[in-house]
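Below you'll find the structure, written out as structure tokens, and then a few comments.
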Amino acid sequence: MPAHGHYGDLSPVRCREGEFELRCMDCAQGDHGAYWPLTLEFWNPRRGMQRCRACWTAKRRRDEHARRLANPASTRERNRAYALANREVLNLKRRARRAAAKGSSSDGRVSAAAG
Ligand SMILES: [Zn+2]
């Protein structure tokens with residue numbers, strides 16, 4: 001019995017060493033060996049079983065990036081609104097960060113920055 005059946009490239013599922021594996025449609029674009037074990041580590045059933053977790057994350061990134069590129073003004077607007085709404089907290093955090101940086105750095109960075 002051959003290890004790879006003649007249907008190998010068509011089947012989204014394969015069995016290897018007694019474990020069932022599913023092919024990720026996105027991974028399969030570039031690599032025929034895009035089979036992942038059918039575990040929650042690799043698949044998120046709530047997202048559907050067309051893409052593995054890594055590819056869902058990548059797709060979300062791509063989509064968000066594309067949305068931001070398509071409408072940069074809305075991102076700027078939202079960032080500005082956030083900065084305005086959280087001015088006090090952001091200022092406190094910034095001050096705390098500066099104080100921490102000043103207090104901890106005893107190398108030549110402070111004098112270089114000041115001079
Ligand atoms: Zn994938």
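Chain identifiers are assigned as A, B, and so on, following the order in which chains appear in the structure tokens; residues are numbered from 1 within each chain, and ligands are numbered from 1 in order of appearance.
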Practice task
May I have the residues within 6 Å of ligand 1, computed using only C-alpha atoms and all ligand atoms, as a ChimeraX atom specification?
Solution key: /A:24,26-27,51-52,54-55
Could you write out the selected residues, including N, CA and C atoms, as a PDB file, in the first residue's frame?
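Output saved as result-v5.pdb:
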```
ATOM      1  N   CYS A  24      -4.671  23.082   5.311  1.00  0.00           N
ATOM      2  CA  CYS A  24      -5.069  24.491   5.355  1.00  0.00           C
ATOM      3  C   CYS A  24      -5.063  25.032   3.942  1.00  0.00           C
ATOM      4  N   ASP A  26      -5.059  28.052   2.843  1.00  0.00           N
ATOM      5  CA  ASP A  26      -4.112  29.146   2.608  1.00  0.00           C
ATOM      6  C   ASP A  26      -2.678  28.644   2.546  1.00  0.00           C
ATOM      7  N   CYS A  27      -2.298  27.823   3.520  1.00  0.00           N
ATOM      8  CA  CYS A  27      -0.949  27.256   3.514  1.00  0.00           C
ATOM      9  C   CYS A  27      -0.715  26.483   2.230  1.00  0.00           C
ATOM     10  N   ARG A  51      -9.022  27.521   7.177  1.00  0.00           N
ATOM     11  CA  ARG A  51      -7.688  28.053   7.416  1.00  0.00           C
ATOM     12  C   ARG A  51      -7.201  27.630   8.797  1.00  0.00           C
ATOM     13  N   CYS A  52      -5.891  27.456   8.926  1.00  0.00           N
ATOM     14  CA  CYS A  52      -5.309  27.169  10.230  1.00  0.00           C
ATOM     15  C   CYS A  52      -5.252  28.486  11.032  1.00  0.00           C
ATOM     16  N   ALA A  54      -2.778  30.143  12.260  1.00  0.00           N
ATOM     17  CA  ALA A  54      -1.758  31.093  11.800  1.00  0.00           C
ATOM     18  C   ALA A  54      -2.251  31.880  10.591  1.00  0.00           C
ATOM     19  N   CYS A  55      -2.948  31.190   9.686  1.00  0.00           N
ATOM     20  CA  CYS A  55      -3.421  31.866   8.481  1.00  0.00           C
ATOM     21  C   CYS A  55      -4.586  32.804   8.795  1.00  0.00           C
TER      22      CYS A  55
END
```
Practice task
Could you please write out, as a VMD selection string, every residue of segment 38-93 of chain A that DSSP assigns to alpha helix (DSSP H)?
Solution key: chain A and resid 53 to 70 72 to 85 87 to 93
C-alpha atoms of the current selection, written as a PDB file, in the first residue's frame:
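Contents of again.pdb, as written:
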```
ATOM      1  CA  ARG A  53      -4.945  29.537  13.183  1.00  0.00           C
ATOM      2  CA  ALA A  54      -1.758  31.093  11.800  1.00  0.00           C
ATOM      3  CA  CYS A  55      -3.421  31.866   8.481  1.00  0.00           C
ATOM      4  CA  TRP A  56      -6.472  33.388  10.191  1.00  0.00           C
ATOM      5  CA  THR A  57      -4.150  35.686  12.127  1.00  0.00           C
ATOM      6  CA  ALA A  58      -2.286  36.588   8.945  1.00  0.00           C
ATOM      7  CA  LYS A  59      -5.541  37.236   7.088  1.00  0.00           C
ATOM      8  CA  ARG A  60      -6.847  39.471   9.872  1.00  0.00           C
ATOM      9  CA  ARG A  61      -3.600  41.475   9.750  1.00  0.00           C
ATOM     10  CA  ARG A  62      -3.814  41.808   5.974  1.00  0.00           C
ATOM     11  CA  ASP A  63      -7.460  42.884   6.122  1.00  0.00           C
ATOM     12  CA  GLU A  64      -6.854  45.454   8.826  1.00  0.00           C
ATOM     13  CA  HIS A  65      -3.841  46.806   6.977  1.00  0.00           C
ATOM     14  CA  ALA A  66      -5.847  47.063   3.762  1.00  0.00           C
ATOM     15  CA  ARG A  67      -8.680  48.837   5.587  1.00  0.00           C
ATOM     16  CA  ARG A  68      -6.257  51.340   7.056  1.00  0.00           C
ATOM     17  CA  LEU A  69      -4.660  51.952   3.658  1.00  0.00           C
ATOM     18  CA  ALA A  70      -8.088  52.416   2.072  1.00  0.00           C
ATOM     19  CA  PRO A  72      -6.173  56.603   6.437  1.00  0.00           C
ATOM     20  CA  ALA A  73      -8.244  59.561   7.610  1.00  0.00           C
ATOM     21  CA  SER A  74     -10.494  57.422   9.780  1.00  0.00           C
ATOM     22  CA  THR A  75      -7.456  55.903  11.510  1.00  0.00           C
ATOM     23  CA  ARG A  76      -6.011  59.342  12.170  1.00  0.00           C
ATOM     24  CA  GLU A  77      -9.383  60.519  13.423  1.00  0.00           C
ATOM     25  CA  ARG A  78      -9.727  57.578  15.774  1.00  0.00           C
ATOM     26  CA  ASN A  79      -6.167  57.978  17.059  1.00  0.00           C
ATOM     27  CA  ARG A  80      -6.762  61.656  17.692  1.00  0.00           C
ATOM     28  CA  ALA A  81     -10.015  60.972  19.509  1.00  0.00           C
ATOM     29  CA  TYR A  82      -8.272  58.357  21.643  1.00  0.00           C
ATOM     30  CA  ALA A  83      -5.422  60.722  22.477  1.00  0.00           C
ATOM     31  CA  LEU A  84      -7.869  63.469  23.440  1.00  0.00           C
ATOM     32  CA  ALA A  85     -10.100  61.217  25.501  1.00  0.00           C
ATOM     33  CA  ARG A  87      -4.971  62.763  27.633  1.00  0.00           C
ATOM     34  CA  GLU A  88      -4.548  62.698  31.405  1.00  0.00           C
ATOM     35  CA  VAL A  89      -3.695  59.014  31.623  1.00  0.00           C
ATOM     36  CA  LEU A  90      -1.381  59.128  28.626  1.00  0.00           C
ATOM     37  CA  ASN A  91       0.472  62.104  30.066  1.00  0.00           C
ATOM     38  CA  LEU A  92       0.882  60.349  33.408  1.00  0.00           C
ATOM     39  CA  LYS A  93       2.197  57.258  31.680  1.00  0.00           C
TER      40      LYS A  93
END
```
Exercise for the section: Kindly indicate which residue among A:Arg97, A:Leu38, A:Lys102, A:Asn71 lies nearest to Gly18 of chain A, using only C-alpha atoms for the distances. Expected result: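 Smallest separation from Gly18 of chain A among the options: A:Leu38.
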Exercise for the section: For atom CA of Arg16 of chain A and atom CA of Met49 of chain A, quote the distance in Å rounded to one decimal. Expected result: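 Straight-line distance from atom CA of Arg16 of chain A to atom CA of Met49 of chain A works out to 18.7 Å.
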Practice task
Choose the residue, out of A:Pro45, A:Arg23, A:Gln50, A:Arg98, that has the smallest atom-to-atom separation from Ser11 of chain A; count only C-alpha atoms.
Solution key: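 Ranking A:Pro45, A:Arg23, A:Gln50, A:Arg98 by distance to Ser11 of chain A, first place goes to A:Arg23.
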Practice task
Determine, counting only C-alpha atoms, which protein, DNA and RNA residues have an atom within 10 Å of an atom of Thr39 of chain A; residues of the same chain fewer than 6 positions away are not included. Present the result as a VMD selection string.
Solution key: chain A and resid 20 to 22 45
Write the residues you've just listed into a file as a PDB file, in the first residue's frame, and include N, CA and C atoms for each of them.
```pdb
ATOM      1  N   PHE A  20      -5.182  11.977  12.255  1.00  0.00           N
ATOM      2  CA  PHE A  20      -5.793  12.655  11.121  1.00  0.00           C
ATOM      3  C   PHE A  20      -5.275  14.084  11.035  1.00  0.00           C
ATOM      4  N   GLU A  21      -4.991  14.478   9.829  1.00  0.00           N
ATOM      5  CA  GLU A  21      -4.510  15.839   9.609  1.00  0.00           C
ATOM      6  C   GLU A  21      -5.369  16.505   8.541  1.00  0.00           C
ATOM      7  N   LEU A  22      -5.534  17.814   8.678  1.00  0.00           N
ATOM      8  CA  LEU A  22      -6.358  18.570   7.745  1.00  0.00           C
ATOM      9  C   LEU A  22      -5.478  19.573   7.003  1.00  0.00           C
ATOM     10  N   PRO A  45     -12.143  25.933  15.587  1.00  0.00           N
ATOM     11  CA  PRO A  45     -13.418  25.541  14.953  1.00  0.00           C
ATOM     12  C   PRO A  45     -14.385  26.704  14.814  1.00  0.00           C
TER      13      PRO A  45
END
```
Handout entry: Among the residues A:Glu19, A:Asn86, A:Arg95, A:Gly103, the one that comes closest to Trp36 of chain A [using only C-alpha atoms]
Key = A:Glu19
